[in-house]
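**Student:** First the structure, then my questions, so here it is.
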Amino acid sequence: MSRFFSARYADLTPYTPGEQPQNRAYIKLNTNESPFPPSPGVAEAVETESRRLALYSDPECVKLRAKMAEIYRLDPDQIVMTNGSDEVLNFAFMAFADEAHPLAFADITYGFYPVFAQLNRIPFTEIPLKSDFSLDPADYIGIHKTVVLANPNAPTGLALPLSEVEQIVKSNPDNVVIVDEAYVDFGGESAVTLLDRYENLLVVGTFSKSRSMAGARLGFGFGSKKLIADLNTLRYSTNPYNINRLTDAAGQAALAENDYYMTNCRTIIENRAWTTEQLRSLGFRVLDSKTNFVFAESPQIDGGALYGKLKEKGILVRHFDKERLKSFNRITIGTKEQMQTLIETIKEILGG
Ligand SMILES: *Cc1c(COP(=O)(O)O)cnc(C)c1O
């Protein structure tokens, strides 16, 4: 730390992203990316748009929001586009949480929530998941806090039924409830259908997982027009050009070929079922995932040891040191071939 670093941030513990190795070609099952490339129209759109890079991007993302509005059956003014969903989460914390509206989220969930809370000096409560890693909605009913739910959750992969999400939203009318749906396209139930009825609901999503665009950084928030206007106040106070031209063009092209991505999601769901079954037959405990990853532990090998041995053999998975998680690994679902290699490699490791 330099002697110039503001005391305001001296005790900040930044987020630790999953490894992005640049040296060796791993089978990369550690950061929940899609194994499939973007649809063909995306490369073409980016190439064409690159000729216009001398000009600033559209701060309102008019065309992109119009396409989003059509697909999600919303008014364009109910949509804000952001630099990854991490950005909309940060804006939402800034906008809707403070000393009077402290945050509440699970003790085991997306690691960025406590970081954004600390960054913005917002008090937060981490509510323990049950021993089977499920979330008890009763813990959030009428809690009078700004609630953040990842649904489906990470790294557990477990999903909450929509009726339970609704109870949480309904019982906290004076606070915003943020539902982070990064993984919803892999089998969860989206809260988008509740937006008409609840002015305190903010739904957050991303193109990083189901739409093969993690590297483009494109996320979004859906809410009432007033909530979205508040988020735009912060966006225009931070970076009005948060969506660059290439990402805007890529997003529009992706939405024009939306069926391609929804087909890929079905493939991932099939590969997830196959992988779960294989791991269970090898004695693993695998949580019931509605995401593009599985969370699994083996009674035969420690989580950290399995992570290390897989890495030696060219397969990267995600391991967390936290006490309740350390016997597990989070394994992204890739192509069938990648999952076959994973299972063969795990057999070798357990056999030897
Ligand atoms: C991956 C992820 C995000 C953030 O993704 P972006 O790449 O910033 O859009 C947000 N929430 C959860 C739960 C995630 O797993």
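Identifiers in the structure tokens: chain A, B, ... in order shown; residue index from 1 per chain; ligand index from 1 in order shown.
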List all protein, DNA and RNA residues that have an atom no more than 6 Å from any atom of ligand 1, counting only C-alpha atoms and all ligand atoms, and report them as a list in words.

**Tutor:**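 Result of the 6 Å neighbour search around ligand 1: Gly84, Ser85, Asp86, Tyr110, Ala150, Ala154, Asp180, Ala182, Thr206, Ser208, Ala214, Arg217, Leu218 and Gly219 of chain A.
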
**Student:** Mind writing the picked residues with all heavy atoms as an mmCIF file, in the first residue's frame?

**Tutor:**
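result.cif was written with the following content:
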data_model
loop_
_atom_site.group_PDB
_atom_site.id
_atom_site.type_symbol
_atom_site.label_atom_id
_atom_site.label_comp_id
_atom_site.auth_asym_id
_atom_site.auth_seq_id
_atom_site.Cartn_x
_atom_site.Cartn_y
_atom_site.Cartn_z
ATOM 1 N N GLY A 84 -20.988 -5.854 -17.278
ATOM 2 C CA GLY A 84 -21.132 -7.061 -16.464
ATOM 3 C C GLY A 84 -22.241 -6.834 -15.445
ATOM 4 O O GLY A 84 -22.649 -5.686 -15.204
ATOM 5 N N SER A 85 -22.747 -7.920 -14.864
ATOM 6 C CA SER A 85 -23.758 -7.693 -13.831
ATOM 7 C C SER A 85 -23.100 -7.236 -12.539
ATOM 8 O O SER A 85 -23.752 -6.674 -11.667
ATOM 9 C CB SER A 85 -24.638 -8.925 -13.612
ATOM 10 O OG SER A 85 -23.872 -10.049 -13.310
ATOM 11 N N ASP A 86 -21.796 -7.430 -12.413
ATOM 12 C CA ASP A 86 -21.100 -6.887 -11.246
ATOM 13 C C ASP A 86 -21.357 -5.382 -11.120
ATOM 14 O O ASP A 86 -21.550 -4.860 -10.029
ATOM 15 C CB ASP A 86 -19.592 -7.144 -11.355
ATOM 16 C CG ASP A 86 -19.235 -8.625 -11.194
ATOM 17 O OD1 ASP A 86 -20.048 -9.382 -10.622
ATOM 18 O OD2 ASP A 86 -18.141 -9.026 -11.642
ATOM 19 N N TYR A 110 -22.495 -15.475 -3.682
ATOM 20 C CA TYR A 110 -21.513 -14.827 -4.544
ATOM 21 C C TYR A 110 -20.563 -13.942 -3.736
ATOM 22 O O TYR A 110 -21.010 -13.069 -2.974
ATOM 23 C CB TYR A 110 -22.266 -14.011 -5.593
ATOM 24 C CG TYR A 110 -21.419 -13.408 -6.674
ATOM 25 C CD1 TYR A 110 -20.344 -14.096 -7.245
ATOM 26 C CD2 TYR A 110 -21.698 -12.133 -7.160
ATOM 27 C CE1 TYR A 110 -19.587 -13.533 -8.253
ATOM 28 C CE2 TYR A 110 -20.956 -11.566 -8.176
ATOM 29 C CZ TYR A 110 -19.893 -12.266 -8.712
ATOM 30 O OH TYR A 110 -19.149 -11.701 -9.714
ATOM 31 N N ALA A 150 -28.962 -14.641 -4.643
ATOM 32 C CA ALA A 150 -28.528 -15.217 -5.917
ATOM 33 C C ALA A 150 -29.435 -16.414 -6.138
ATOM 34 O O ALA A 150 -29.446 -17.344 -5.331
ATOM 35 C CB ALA A 150 -27.073 -15.647 -5.841
ATOM 36 N N ALA A 154 -24.856 -19.510 -6.010
ATOM 37 C CA ALA A 154 -23.504 -19.986 -6.265
ATOM 38 C C ALA A 154 -22.760 -19.938 -4.938
ATOM 39 O O ALA A 154 -22.992 -19.009 -4.160
ATOM 40 C CB ALA A 154 -22.812 -19.086 -7.281
ATOM 41 N N ASP A 180 -30.386 -11.888 -8.045
ATOM 42 C CA ASP A 180 -29.283 -12.044 -8.998
ATOM 43 C C ASP A 180 -29.501 -13.354 -9.754
ATOM 44 O O ASP A 180 -29.321 -14.436 -9.207
ATOM 45 C CB ASP A 180 -27.971 -12.048 -8.206
ATOM 46 C CG ASP A 180 -26.737 -12.233 -9.077
ATOM 47 O OD1 ASP A 180 -26.870 -12.546 -10.280
ATOM 48 O OD2 ASP A 180 -25.623 -12.078 -8.530
ATOM 49 N N ALA A 182 -27.908 -14.689 -12.449
ATOM 50 C CA ALA A 182 -26.797 -14.991 -13.367
ATOM 51 C C ALA A 182 -26.958 -16.371 -14.023
ATOM 52 O O ALA A 182 -26.527 -16.577 -15.154
ATOM 53 C CB ALA A 182 -25.462 -14.915 -12.616
ATOM 54 N N THR A 206 -27.005 -11.439 -16.635
ATOM 55 C CA THR A 206 -25.717 -11.286 -17.320
ATOM 56 C C THR A 206 -25.654 -12.083 -18.619
ATOM 57 O O THR A 206 -26.335 -13.101 -18.736
ATOM 58 C CB THR A 206 -24.565 -11.739 -16.386
ATOM 59 O OG1 THR A 206 -23.320 -11.602 -17.082
ATOM 60 C CG2 THR A 206 -24.701 -13.191 -15.951
ATOM 61 N N SER A 208 -22.763 -13.273 -19.379
ATOM 62 C CA SER A 208 -21.484 -13.970 -19.172
ATOM 63 C C SER A 208 -21.606 -15.486 -19.150
ATOM 64 O O SER A 208 -20.652 -16.186 -19.487
ATOM 65 C CB SER A 208 -20.854 -13.544 -17.845
ATOM 66 O OG SER A 208 -20.480 -12.193 -17.875
ATOM 67 N N ALA A 214 -18.689 -13.757 -21.509
ATOM 68 C CA ALA A 214 -18.030 -13.301 -20.276
ATOM 69 C C ALA A 214 -16.978 -12.232 -20.571
ATOM 70 O O ALA A 214 -16.819 -11.267 -19.819
ATOM 71 C CB ALA A 214 -17.405 -14.487 -19.542
ATOM 72 N N ARG A 217 -18.239 -8.420 -21.152
ATOM 73 C CA ARG A 217 -18.750 -7.677 -20.001
ATOM 74 C C ARG A 217 -20.089 -7.013 -20.317
ATOM 75 O O ARG A 217 -20.156 -5.841 -20.671
ATOM 76 C CB ARG A 217 -17.735 -6.618 -19.502
ATOM 77 C CG ARG A 217 -16.303 -7.058 -19.389
ATOM 78 C CD ARG A 217 -16.138 -8.274 -18.489
ATOM 79 N NE ARG A 217 -16.681 -8.044 -17.154
ATOM 80 C CZ ARG A 217 -17.552 -8.864 -16.552
ATOM 81 N NH1 ARG A 217 -17.965 -9.983 -17.132
ATOM 82 N NH2 ARG A 217 -17.985 -8.583 -15.352
ATOM 83 N N LEU A 218 -21.142 -7.781 -20.238
ATOM 84 C CA LEU A 218 -22.476 -7.222 -20.467
ATOM 85 C C LEU A 218 -23.454 -7.805 -19.448
ATOM 86 O O LEU A 218 -23.659 -9.023 -19.387
ATOM 87 C CB LEU A 218 -22.942 -7.521 -21.904
ATOM 88 C CG LEU A 218 -24.260 -6.846 -22.330
ATOM 89 C CD1 LEU A 218 -24.175 -5.324 -22.225
ATOM 90 C CD2 LEU A 218 -24.637 -7.236 -23.763
ATOM 91 N N GLY A 219 -24.018 -6.925 -18.653
ATOM 92 C CA GLY A 219 -25.009 -7.325 -17.655
ATOM 93 C C GLY A 219 -26.210 -6.403 -17.744
ATOM 94 O O GLY A 219 -26.226 -5.455 -18.544
#

**Student:** Can you list every residue of segment 150-257 of chain A that has an atom at most 10 Å from segment 99-106 of chain A, with its nearest atom pair and the distance in Å to one decimal, using only C-alpha atoms, ordered by chain then number, as JSON lines?

**Tutor:**
{"residue": "A:Ala150", "atom": "CA", "partner": "A:Phe105", "partner_atom": "CA", "distance": 8.7}
{"residue": "A:Asn153", "atom": "CA", "partner": "A:Ala106", "partner_atom": "CA", "distance": 9.4}
{"residue": "A:Asp174", "atom": "CA", "partner": "A:His101", "partner_atom": "CA", "distance": 9.0}
{"residue": "A:Asn175", "atom": "CA", "partner": "A:His101", "partner_atom": "CA", "distance": 7.0}
{"residue": "A:Val176", "atom": "CA", "partner": "A:His101", "partner_atom": "CA", "distance": 9.0}
{"residue": "A:Val177", "atom": "CA", "partner": "A:Ala104", "partner_atom": "CA", "distance": 9.6}
{"residue": "A:Ile178", "atom": "CA", "partner": "A:Phe105", "partner_atom": "CA", "distance": 9.9}

**Student:** I need the chosen residues saved as a short mmCIF file (atom, residue, chain, number, x, y, z; two decimals), in the first residue's frame, with N, CA and C atoms.

**Tutor:**
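Final output, saved to part_35.cif:
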data_model
loop_
_atom_site.label_atom_id
_atom_site.label_comp_id
_atom_site.auth_asym_id
_atom_site.auth_seq_id
_atom_site.Cartn_x
_atom_site.Cartn_y
_atom_site.Cartn_z
N ALA A 150 -28.96 -14.64 -4.64
CA ALA A 150 -28.53 -15.22 -5.92
C ALA A 150 -29.43 -16.41 -6.14
N ASN A 153 -28.39 -20.14 -6.57
CA ASN A 153 -27.26 -19.65 -5.79
C ASN A 153 -25.93 -20.23 -6.29
N ASP A 174 -40.67 -2.06 2.14
CA ASP A 174 -39.94 -0.79 2.27
C ASP A 174 -38.45 -0.94 1.97
N ASN A 175 -38.09 -2.08 1.43
CA ASN A 175 -36.70 -2.29 1.01
C ASN A 175 -36.68 -2.92 -0.38
N VAL A 176 -35.60 -2.65 -1.11
CA VAL A 176 -35.44 -3.31 -2.40
C VAL A 176 -34.93 -4.73 -2.17
N VAL A 177 -35.49 -5.66 -2.91
CA VAL A 177 -34.98 -7.04 -2.92
C VAL A 177 -34.30 -7.25 -4.28
N ILE A 178 -33.02 -7.57 -4.24
CA ILE A 178 -32.23 -7.75 -5.45
C ILE A 178 -32.11 -9.25 -5.72
#

**Student:** From a backbone DSSP assignment, name each residue in segment 123-299 of chain A labelled strand (DSSP E or B), as a PDB file with N, CA and C atoms, in the first residue's frame.

**Tutor:**
ATOM      1  N   PHE A 124     -23.761  -5.031   6.724  1.00  0.00           N
ATOM      2  CA  PHE A 124     -24.433  -6.212   6.165  1.00  0.00           C
ATOM      3  C   PHE A 124     -24.472  -7.361   7.148  1.00  0.00           C
ATOM      4  N   THR A 125     -25.508  -8.187   7.003  1.00  0.00           N
ATOM      5  CA  THR A 125     -25.663  -9.397   7.806  1.00  0.00           C
ATOM      6  C   THR A 125     -25.549 -10.586   6.868  1.00  0.00           C
ATOM      7  N   GLU A 126     -24.735 -11.564   7.249  1.00  0.00           N
ATOM      8  CA  GLU A 126     -24.655 -12.799   6.463  1.00  0.00           C
ATOM      9  C   GLU A 126     -25.469 -13.860   7.190  1.00  0.00           C
ATOM     10  N   ILE A 127     -26.517 -14.339   6.526  1.00  0.00           N
ATOM     11  CA  ILE A 127     -27.441 -15.280   7.147  1.00  0.00           C
ATOM     12  C   ILE A 127     -27.050 -16.703   6.758  1.00  0.00           C
ATOM     13  N   THR A 146     -32.262  -4.595   2.969  1.00  0.00           N
ATOM     14  CA  THR A 146     -32.098  -4.738   1.521  1.00  0.00           C
ATOM     15  C   THR A 146     -31.539  -6.138   1.275  1.00  0.00           C
ATOM     16  N   VAL A 147     -32.386  -6.990   0.715  1.00  0.00           N
ATOM     17  CA  VAL A 147     -32.039  -8.409   0.576  1.00  0.00           C
ATOM     18  C   VAL A 147     -31.363  -8.641  -0.782  1.00  0.00           C
ATOM     19  N   VAL A 148     -30.319  -9.455  -0.791  1.00  0.00           N
ATOM     20  CA  VAL A 148     -29.711  -9.882  -2.056  1.00  0.00           C
ATOM     21  C   VAL A 148     -29.761 -11.401  -2.102  1.00  0.00           C
ATOM     22  N   LEU A 149     -30.430 -11.908  -3.122  1.00  0.00           N
ATOM     23  CA  LEU A 149     -30.553 -13.363  -3.300  1.00  0.00           C
ATOM     24  C   LEU A 149     -29.910 -13.726  -4.626  1.00  0.00           C
ATOM     25  N   ALA A 150     -28.962 -14.641  -4.643  1.00  0.00           N
ATOM     26  CA  ALA A 150     -28.528 -15.217  -5.917  1.00  0.00           C
ATOM     27  C   ALA A 150     -29.435 -16.414  -6.138  1.00  0.00           C
ATOM     28  N   VAL A 177     -35.487  -5.665  -2.915  1.00  0.00           N
ATOM     29  CA  VAL A 177     -34.983  -7.037  -2.924  1.00  0.00           C
ATOM     30  C   VAL A 177     -34.300  -7.248  -4.283  1.00  0.00           C
ATOM     31  N   ILE A 178     -33.020  -7.568  -4.236  1.00  0.00           N
ATOM     32  CA  ILE A 178     -32.228  -7.753  -5.455  1.00  0.00           C
ATOM     33  C   ILE A 178     -32.110  -9.251  -5.718  1.00  0.00           C
ATOM     34  N   VAL A 179     -32.612  -9.704  -6.867  1.00  0.00           N
ATOM     35  CA  VAL A 179     -32.518 -11.122  -7.207  1.00  0.00           C
ATOM     36  C   VAL A 179     -31.507 -11.261  -8.342  1.00  0.00           C
ATOM     37  N   ASP A 180     -30.386 -11.888  -8.045  1.00  0.00           N
ATOM     38  CA  ASP A 180     -29.283 -12.044  -8.998  1.00  0.00           C
ATOM     39  C   ASP A 180     -29.501 -13.354  -9.754  1.00  0.00           C
ATOM     40  N   LEU A 201     -38.743  -4.702  -6.404  1.00  0.00           N
ATOM     41  CA  LEU A 201     -37.966  -5.841  -6.924  1.00  0.00           C
ATOM     42  C   LEU A 201     -36.991  -5.379  -8.001  1.00  0.00           C
ATOM     43  N   LEU A 202     -35.737  -5.795  -7.864  1.00  0.00           N
ATOM     44  CA  LEU A 202     -34.738  -5.572  -8.912  1.00  0.00           C
ATOM     45  C   LEU A 202     -34.178  -6.934  -9.330  1.00  0.00           C
ATOM     46  N   VAL A 203     -34.303  -7.257 -10.604  1.00  0.00           N
ATOM     47  CA  VAL A 203     -33.771  -8.517 -11.126  1.00  0.00           C
ATOM     48  C   VAL A 203     -32.501  -8.201 -11.914  1.00  0.00           C
ATOM     49  N   VAL A 204     -31.450  -8.969 -11.640  1.00  0.00           N
ATOM     50  CA  VAL A 204     -30.137  -8.720 -12.245  1.00  0.00           C
ATOM     51  C   VAL A 204     -29.734  -9.928 -13.085  1.00  0.00           C
ATOM     52  N   GLY A 205     -29.184  -9.682 -14.261  1.00  0.00           N
ATOM     53  CA  GLY A 205     -28.759 -10.792 -15.118  1.00  0.00           C
ATOM     54  C   GLY A 205     -27.478 -10.466 -15.870  1.00  0.00           C
ATOM     55  N   THR A 206     -27.005 -11.439 -16.635  1.00  0.00           N
ATOM     56  CA  THR A 206     -25.717 -11.286 -17.320  1.00  0.00           C
ATOM     57  C   THR A 206     -25.654 -12.083 -18.619  1.00  0.00           C
ATOM     58  N   GLY A 219     -24.018  -6.925 -18.653  1.00  0.00           N
ATOM     59  CA  GLY A 219     -25.009  -7.325 -17.655  1.00  0.00           C
ATOM     60  C   GLY A 219     -26.210  -6.403 -17.744  1.00  0.00           C
ATOM     61  N   PHE A 220     -27.222  -6.684 -16.923  1.00  0.00           N
ATOM     62  CA  PHE A 220     -28.428  -5.850 -16.986  1.00  0.00           C
ATOM     63  C   PHE A 220     -29.201  -5.894 -15.676  1.00  0.00           C
ATOM     64  N   GLY A 221     -30.026  -4.867 -15.494  1.00  0.00           N
ATOM     65  CA  GLY A 221     -30.944  -4.823 -14.364  1.00  0.00           C
ATOM     66  C   GLY A 221     -32.340  -4.547 -14.878  1.00  0.00           C
ATOM     67  N   PHE A 222     -33.331  -5.216 -14.288  1.00  0.00           N
ATOM     68  CA  PHE A 222     -34.744  -5.015 -14.621  1.00  0.00           C
ATOM     69  C   PHE A 222     -35.468  -4.569 -13.347  1.00  0.00           C
ATOM     70  N   ARG A 285     -20.909 -36.775  -3.307  1.00  0.00           N
ATOM     71  CA  ARG A 285     -22.157 -36.104  -2.986  1.00  0.00           C
ATOM     72  C   ARG A 285     -22.212 -34.887  -3.919  1.00  0.00           C
ATOM     73  N   VAL A 286     -23.276 -34.797  -4.705  1.00  0.00           N
ATOM     74  CA  VAL A 286     -23.422 -33.692  -5.665  1.00  0.00           C
ATOM     75  C   VAL A 286     -24.727 -32.967  -5.349  1.00  0.00           C
ATOM     76  N   PHE A 293     -22.941 -25.377 -13.358  1.00  0.00           N
ATOM     77  CA  PHE A 293     -21.847 -26.002 -12.603  1.00  0.00           C
ATOM     78  C   PHE A 293     -22.443 -26.985 -11.603  1.00  0.00           C
ATOM     79  N   VAL A 294     -21.615 -27.864 -11.094  1.00  0.00           N
ATOM     80  CA  VAL A 294     -22.048 -28.708  -9.978  1.00  0.00           C
ATOM     81  C   VAL A 294     -21.101 -28.487  -8.805  1.00  0.00           C
ATOM     82  N   PHE A 295     -21.638 -28.663  -7.604  1.00  0.00           N
ATOM     83  CA  PHE A 295     -20.860 -28.502  -6.381  1.00  0.00           C
ATOM     84  C   PHE A 295     -20.790 -29.888  -5.754  1.00  0.00           C
ATOM     85  N   ALA A 296     -19.574 -30.425  -5.640  1.00  0.00           N
ATOM     86  CA  ALA A 296     -19.452 -31.846  -5.318  1.00  0.00           C
ATOM     87  C   ALA A 296     -18.329 -32.105  -4.331  1.00  0.00           C
ATOM     88  N   GLU A 297     -18.547 -33.100  -3.454  1.00  0.00           N
ATOM     89  CA  GLU A 297     -17.495 -33.535  -2.519  1.00  0.00           C
ATOM     90  C   GLU A 297     -17.403 -35.050  -2.540  1.00  0.00           C
TER      91      GLU A 297
END

**Student:** Which residue, A:Ser190, A:Asn30, A:Asn23, A:Thr263, has the smallest gap to His319 of chain A when you use only C-alpha atoms?

**Tutor:** A:Asn30

**Student:** Just the residues within 12 Å of segment 36-38 of chain A, please, counting only C-alpha atoms, with nothing from its chain fewer than 6 positions along; format it as JSON, numbers by chain.

**Tutor:** {"A": [44, 45, 46, 207, 208, 209, 210, 211, 212, 213, 214, 215, 216, 250, 251, 252, 253, 254, 255, 256, 257, 258, 259, 260, 261, 262, 263, 264, 265, 267, 268, 333, 334, 335, 336, 338]}

**Student:** Report the residues of segment 120-277 of chain A whose backbone DSSP state falls under alpha helix (DSSP H), written as a PyMOL selection string.

**Tutor:** chain A and resi 162-170+225-236+245-256+258-277

**Student:** Report, in Å with one decimal, the straight-line distance from atom CA of Leu231 of chain A to atom CA of Pro128 of chain A.

**Tutor:**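 According to the coordinates, atom CA of Leu231 of chain A and atom CA of Pro128 of chain A are separated by 29.1 Å.
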
**Student:** Compare A:Arg330, A:Arg245, A:Lys322, A:Lys309 by their minimum atom-to-atom distance to Ser57 of chain A, counting only C-alpha atoms, and give me the closest one.

**Tutor:**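 The closest residue to Ser57 of chain A is A:Arg245.
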
**Student:** Just the residues within 10 Å of Arg65 of chain A, please, counting only C-alpha atoms, with nothing from its chain fewer than 2 positions along; format it as a ChimeraX atom specification.

**Tutor:** /A:60-63,67-71,74-81,220,248,251-252

**Student:** Keeping only C-alpha atoms, take the residues you just selected and write them out as a PDB file, in the first residue's frame.

**Tutor:**
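The resulting file, again01.pdb, is shown below:
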ATOM      1  CA  GLU A  60     -28.636   4.893 -23.552  1.00  0.00           C
ATOM      2  CA  CYS A  61     -28.102   1.617 -25.456  1.00  0.00           C
ATOM      3  CA  VAL A  62     -31.363   2.370 -27.280  1.00  0.00           C
ATOM      4  CA  LYS A  63     -31.213  -0.507 -29.775  1.00  0.00           C
ATOM      5  CA  LYS A  67     -34.235  -5.930 -28.210  1.00  0.00           C
ATOM      6  CA  MET A  68     -34.053  -6.838 -24.518  1.00  0.00           C
ATOM      7  CA  ALA A  69     -37.523  -5.346 -23.972  1.00  0.00           C
ATOM      8  CA  GLU A  70     -38.929  -7.507 -26.759  1.00  0.00           C
ATOM      9  CA  ILE A  71     -37.397 -10.754 -25.460  1.00  0.00           C
ATOM     10  CA  LEU A  74     -40.679  -5.277 -20.548  1.00  0.00           C
ATOM     11  CA  ASP A  75     -40.719  -1.561 -21.263  1.00  0.00           C
ATOM     12  CA  PRO A  76     -37.233  -0.334 -22.339  1.00  0.00           C
ATOM     13  CA  ASP A  77     -37.358   2.100 -19.396  1.00  0.00           C
ATOM     14  CA  GLN A  78     -37.456  -0.888 -17.041  1.00  0.00           C
ATOM     15  CA  ILE A  79     -33.989  -1.935 -18.265  1.00  0.00           C
ATOM     16  CA  VAL A  80     -30.454  -0.728 -17.547  1.00  0.00           C
ATOM     17  CA  MET A  81     -27.433  -2.256 -19.313  1.00  0.00           C
ATOM     18  CA  PHE A 220     -28.428  -5.850 -16.986  1.00  0.00           C
ATOM     19  CA  ASP A 248     -23.255  -3.122 -27.547  1.00  0.00           C
ATOM     20  CA  GLY A 251     -25.162  -7.938 -27.413  1.00  0.00           C
ATOM     21  CA  GLN A 252     -27.589  -6.926 -30.168  1.00  0.00           C
TER      22      GLN A 252
END

**Student:** Counting only C-alpha atoms, which of A:Arg318, A:His144, A:Arg51, A:Arg3 gets nearest to Ile331 of chain A?

**Tutor:**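 Among A:Arg318, A:His144, A:Arg51, A:Arg3, it is A:Arg318 that comes nearest to Ile331 of chain A.
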
**Student:** What does the structure give for the distance between atom CA of Met94 of chain A and atom CA of Arg235 of chain A, in Å to one decimal?

**Tutor:**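 Rounded to one decimal, the two atoms are 10.6 Å apart.
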
**Student:** What does the structure give for the distance between atom CA of Gly188 of chain A and atom CA of Leu135 of chain A, in Å to one decimal?

**Tutor:** 14.7 Å

**Student:** Which residues are near Lys347 of chain A? Cut-off 10 Å, only C-alpha atoms, ignore same chain within fewer than 6 positions. Put them as a list of chain:residue names.

**Tutor:**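 Here the answer would be A:Leu279, A:Leu282, A:Thr341.
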
**Student:** Output N, CA and C atoms of each residue in that selection to a file, as a PDB file, in the first residue's frame.

**Tutor:**
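This is the output file selection.pdb:
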ATOM      1  N   LEU A 279     -20.561 -38.668 -11.318  1.00  0.00           N
ATOM      2  CA  LEU A 279     -19.892 -38.351 -10.052  1.00  0.00           C
ATOM      3  C   LEU A 279     -20.533 -39.119  -8.901  1.00  0.00           C
ATOM      4  N   LEU A 282     -19.415 -42.501  -8.634  1.00  0.00           N
ATOM      5  CA  LEU A 282     -18.057 -42.603  -8.074  1.00  0.00           C
ATOM      6  C   LEU A 282     -18.057 -42.279  -6.578  1.00  0.00           C
ATOM      7  N   THR A 341     -13.644 -36.349 -20.229  1.00  0.00           N
ATOM      8  CA  THR A 341     -12.240 -36.277 -19.802  1.00  0.00           C
ATOM      9  C   THR A 341     -12.151 -36.060 -18.289  1.00  0.00           C
TER      10      THR A 341
END

**Student:** Which residue is closest to Asp107 of chain A? Choose from A:Pro155, A:Pro59, A:Gly18, A:Gly187 and count only C-alpha atoms.

**Tutor:**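 Under the stated criterion, the closest residue is A:Pro155.
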
**Student:** Rank A:Gly351, A:Leu306, A:Leu325, A:Ile343 by their smallest atom-to-atom distance to Ser131 of chain A, using only C-alpha atoms, and report the top residue only.

**Tutor:**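 Between A:Gly351, A:Leu306, A:Leu325, A:Ile343, the residue approaching Ser131 of chain A most closely is A:Leu325.
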